[in-house]
>>> print(open('my_file.tsv').read())   # TSV, C-alpha atoms
chain	number	residue	atom	x	y	z
A	1	MET	CA	0.00	0.00	0.00
A	2	ALA	CA	2.80	2.44	0.85
A	3	ALA	CA	4.42	1.79	-2.54
A	4	LEU	CA	1.17	2.60	-4.31
A	5	VAL	CA	0.84	5.87	-2.37
A	6	ALA	CA	4.46	6.78	-3.23
A	7	VAL	CA	3.90	6.09	-6.93
A	8	ALA	CA	0.68	8.13	-6.93
A	9	TRP	CA	2.44	11.04	-5.19
A	10	TYR	CA	5.37	10.92	-7.64
A	11	TRP	CA	3.04	10.85	-10.65
A	12	GLN	CA	0.95	13.77	-9.37
A	13	ASP	CA	4.01	15.82	-8.37
A	14	THR	CA	5.66	15.24	-11.76
A	15	ARG	CA	2.50	16.43	-13.54
A	16	LYS	CA	2.47	19.60	-11.43
A	17	VAL	CA	6.15	20.31	-12.09
A	18	SER	CA	5.70	19.59	-15.82
A	19	GLU	CA	3.00	22.27	-15.95
A	20	LEU	CA	5.39	24.71	-14.25
A	21	ALA	CA	8.11	23.83	-16.77
A	22	ILE	CA	5.72	24.49	-19.66
A	23	ARG	CA	4.84	27.87	-18.15
A	24	HIS	CA	8.53	28.84	-17.80
A	25	CYS	CA	9.35	27.66	-21.33
A	26	ARG	CA	6.39	29.51	-22.81
A	27	GLN	CA	7.45	32.70	-21.01
A	28	ALA	CA	11.08	32.38	-22.20
A	29	CYS	CA	9.93	31.79	-25.79
A	30	ARG	CA	7.74	34.89	-25.68
A	31	LYS	CA	10.65	36.90	-24.31
A	32	VAL	CA	12.81	36.19	-27.39
A	33	ASN	CA	9.90	36.15	-29.85
A	34	VAL	CA	9.96	32.46	-30.80
A	35	GLN	CA	7.21	29.83	-30.69
A	36	LEU	CA	7.13	26.96	-28.20
A	37	LEU	CA	6.29	23.97	-30.39
A	38	ASP	CA	3.49	21.61	-29.42
A	39	GLU	CA	3.06	23.59	-26.16
A	40	THR	CA	4.73	20.72	-24.35
A	41	VAL	CA	7.91	19.55	-22.62
A	42	PHE	CA	9.22	16.07	-21.91
A	43	ARG	CA	11.12	14.93	-18.85
A	44	SER	CA	14.55	13.63	-19.82
A	45	GLU	CA	16.10	13.14	-16.38
A	46	THR	CA	15.14	12.92	-12.73
A	47	ARG	CA	17.60	12.69	-9.86
A	48	LEU	CA	17.98	13.65	-6.22
A	49	LYS	CA	19.75	16.86	-5.23
A	50	ARG	CA	19.91	19.00	-2.11
A	51	ASN	CA	18.19	22.38	-2.22
A	52	THR	CA	19.55	25.57	-0.63
A	53	MET	CA	18.14	24.52	2.75
A	54	GLY	CA	19.95	21.17	2.62
A	55	GLN	CA	16.79	19.14	2.02
A	56	VAL	CA	16.77	16.42	-0.61
A	57	SER	CA	14.55	17.32	-3.56
A	58	LEU	CA	13.90	15.99	-7.03
A	59	LEU	CA	15.89	17.69	-9.80
A	60	ARG	CA	13.98	17.25	-13.04
A	61	THR	CA	15.31	18.13	-16.48
A	62	PHE	CA	12.78	18.90	-19.21
A	63	GLU	CA	13.48	19.21	-22.92
A	64	PHE	CA	11.41	21.28	-25.34
A	65	GLU	CA	11.48	22.52	-28.92
A	66	PHE	CA	10.78	25.93	-30.37
A	67	ALA	CA	10.78	27.60	-33.77
A	68	ALA	CA	12.04	30.98	-34.91
A	69	GLY	CA	10.01	31.20	-38.10
A	70	GLN	CA	8.97	28.32	-40.32
A	71	ASP	CA	12.31	26.84	-41.30
A	72	ARG	CA	13.47	24.53	-38.46
A	73	ARG	CA	13.17	23.39	-34.86
A	74	TYR	CA	15.54	24.38	-32.09
A	75	LYS	CA	16.06	22.73	-28.70
A	76	GLY	CA	15.82	24.02	-25.18
A	77	GLN	CA	16.17	22.64	-21.67
A	78	ALA	CA	14.69	23.60	-18.30
A	79	LYS	CA	15.89	22.31	-14.90
A	80	LEU	CA	13.61	22.49	-11.88
A	81	LEU	CA	14.60	21.57	-8.33
A	82	GLY	CA	11.31	20.78	-6.67
A	83	THR	CA	9.14	23.59	-8.02
A	84	GLN	CA	11.98	26.12	-8.37
A	85	LEU	CA	13.41	26.88	-11.81
A	86	LEU	CA	17.21	26.56	-11.63
A	87	GLN	CA	18.09	27.24	-15.25
A	88	LEU	CA	16.60	27.44	-18.70
A	89	ASN	CA	18.76	27.17	-21.84
A	90	MET	CA	17.74	27.73	-25.44
A	91	ASP	CA	19.84	26.96	-28.51
A	92	LEU	CA	18.92	30.08	-30.42
A	93	PRO	CA	19.54	30.50	-34.13
A	94	GLU	CA	22.34	32.71	-35.42
A	95	PRO	CA	21.79	36.39	-34.62
A	96	ARG	CA	19.85	38.60	-36.97
A	97	ASP	CA	21.00	42.07	-37.97
A	98	ASN	CA	23.71	43.42	-35.64
A	99	ASP	CA	22.83	41.28	-32.62
A	100	SER	CA	26.14	40.30	-31.00
A	101	GLU	CA	24.75	37.26	-29.16
A	102	SER	CA	24.56	33.84	-30.75
A	103	GLY	CA	24.19	30.19	-29.87
A	104	SER	CA	22.82	29.02	-26.54
A	105	ARG	CA	21.36	31.66	-24.25
A	106	LEU	CA	20.95	31.11	-20.51
A	107	PHE	CA	17.83	32.73	-19.09
A	108	PHE	CA	17.78	31.71	-15.44
A	109	GLN	CA	20.34	30.22	-13.13
>>> encode(input="my_file.tsv", output="structure tokens")
Amino acid sequence: MAALVAVAWYWQDTRKVSELAIRHCRQACRKVNVQLLDETVFRSETRLKRNTMGQVSLLRTFEFEFAAGQDRRYKGQAKLLGTQLLQLNMDLPEPRDNDSESGSRLFFQ
């Protein structure tokens, strides 16, 4: 019975954190004027890590894709420790005009 409760808690908690990850990814995509594709993320890794208070929490890594126009898909990654966003990376296309930034851009850390 305890195992069933633990599995149910993990499933429910992962759904909640996935929704948070989607929200963060959507916000980051809006910020740089690109489109979050499929309005979804997928969990690529889960592991244990201590938070700033020394408590053990789940560190979940989510992958997502976005488009800057119609030509191709680009990849991004969000890491959440519990419900806190630790970092969000996006592999942005080459800069347009005189933009000096290129490649991967780190939004939060």
>>> residues_around(input="my_file.tsv", residues="Gly82 of chain A", least_positions_apart="3", cutoff="10 Å", atoms="only C-alpha atoms", output="PyMOL selection string")
chain A and resi 13-14+17+48-51+56-60+79+85-86
>>> residues_near_point(input="my_file.tsv", point="(5.8, 32.2, -14.5)", cutoff="12 Å", atoms="all atoms listed in the file", output="list in words")
Glu19, Leu20, Ala21, Ile22, Arg23, His24, Cys25, Arg26, Gln27, Ala28, Arg30, Lys31, Thr83, Gln84 and Leu85 of chain A
>>> residues_around(input="my_file.tsv", residues="Leu36 of chain A", least_positions_apart="3", cutoff="8 Å", atoms="only C-alpha atoms", output="JSON, numbers by chain")
{"A": [25, 26, 29, 39, 40, 64, 65, 66, 67]}
>>> closest_residue(input="my_file.tsv", among="A:Ala68, A:Val7, A:Ala78, A:Ala2", to="Leu37 of chain A", atoms="only C-alpha atoms")
A:Ala68
>>> atom_distance(input="my_file.tsv", atom1="atom CA of Val32 of chain A", atom2="atom CA of Gly76 of chain A")
12.7 Å
>>> atom_distance(input="my_file.tsv", atom1="atom CA of Gly69 of chain A", atom2="atom CA of Gln35 of chain A")
8.0 Å
>>> residues_around(input="my_file.tsv", residues="Thr61 of chain A", least_positions_apart="6", cutoff="7 Å", atoms="all atoms listed in the file", output="number ranges by chain")
A: 43-46, 77-80
>>> write_last_selection(input="my_file.tsv", atoms="C-alpha atoms", output="PDB file, in the frame of the given file")
ATOM      1  CA  ARG A  43      11.120  14.930 -18.850  1.00  0.00           C
ATOM      2  CA  SER A  44      14.550  13.630 -19.820  1.00  0.00           C
ATOM      3  CA  GLU A  45      16.100  13.140 -16.380  1.00  0.00           C
ATOM      4  CA  THR A  46      15.140  12.920 -12.730  1.00  0.00           C
ATOM      5  CA  GLN A  77      16.170  22.640 -21.670  1.00  0.00           C
ATOM      6  CA  ALA A  78      14.690  23.600 -18.300  1.00  0.00           C
ATOM      7  CA  LYS A  79      15.890  22.310 -14.900  1.00  0.00           C
ATOM      8  CA  LEU A  80      13.610  22.490 -11.880  1.00  0.00           C
TER       9      LEU A  80
END
>>> closest_residue(input="my_file.tsv", among="A:Tyr74, A:Trp9, A:Phe62, A:Phe42", to="Glu94 of chain A", atoms="all atoms listed in the file")
A:Tyr74
>>> atom_distance(input="my_file.tsv", atom1="atom CA of Leu92 of chain A", atom2="atom CA of Asp71 of chain A")
13.1 Å
>>> closest_residue(input="my_file.tsv", among="A:Ala8, A:Val41, A:Val34, A:Met1", to="Arg72 of chain A", atoms="only C-alpha atoms")
A:Val34
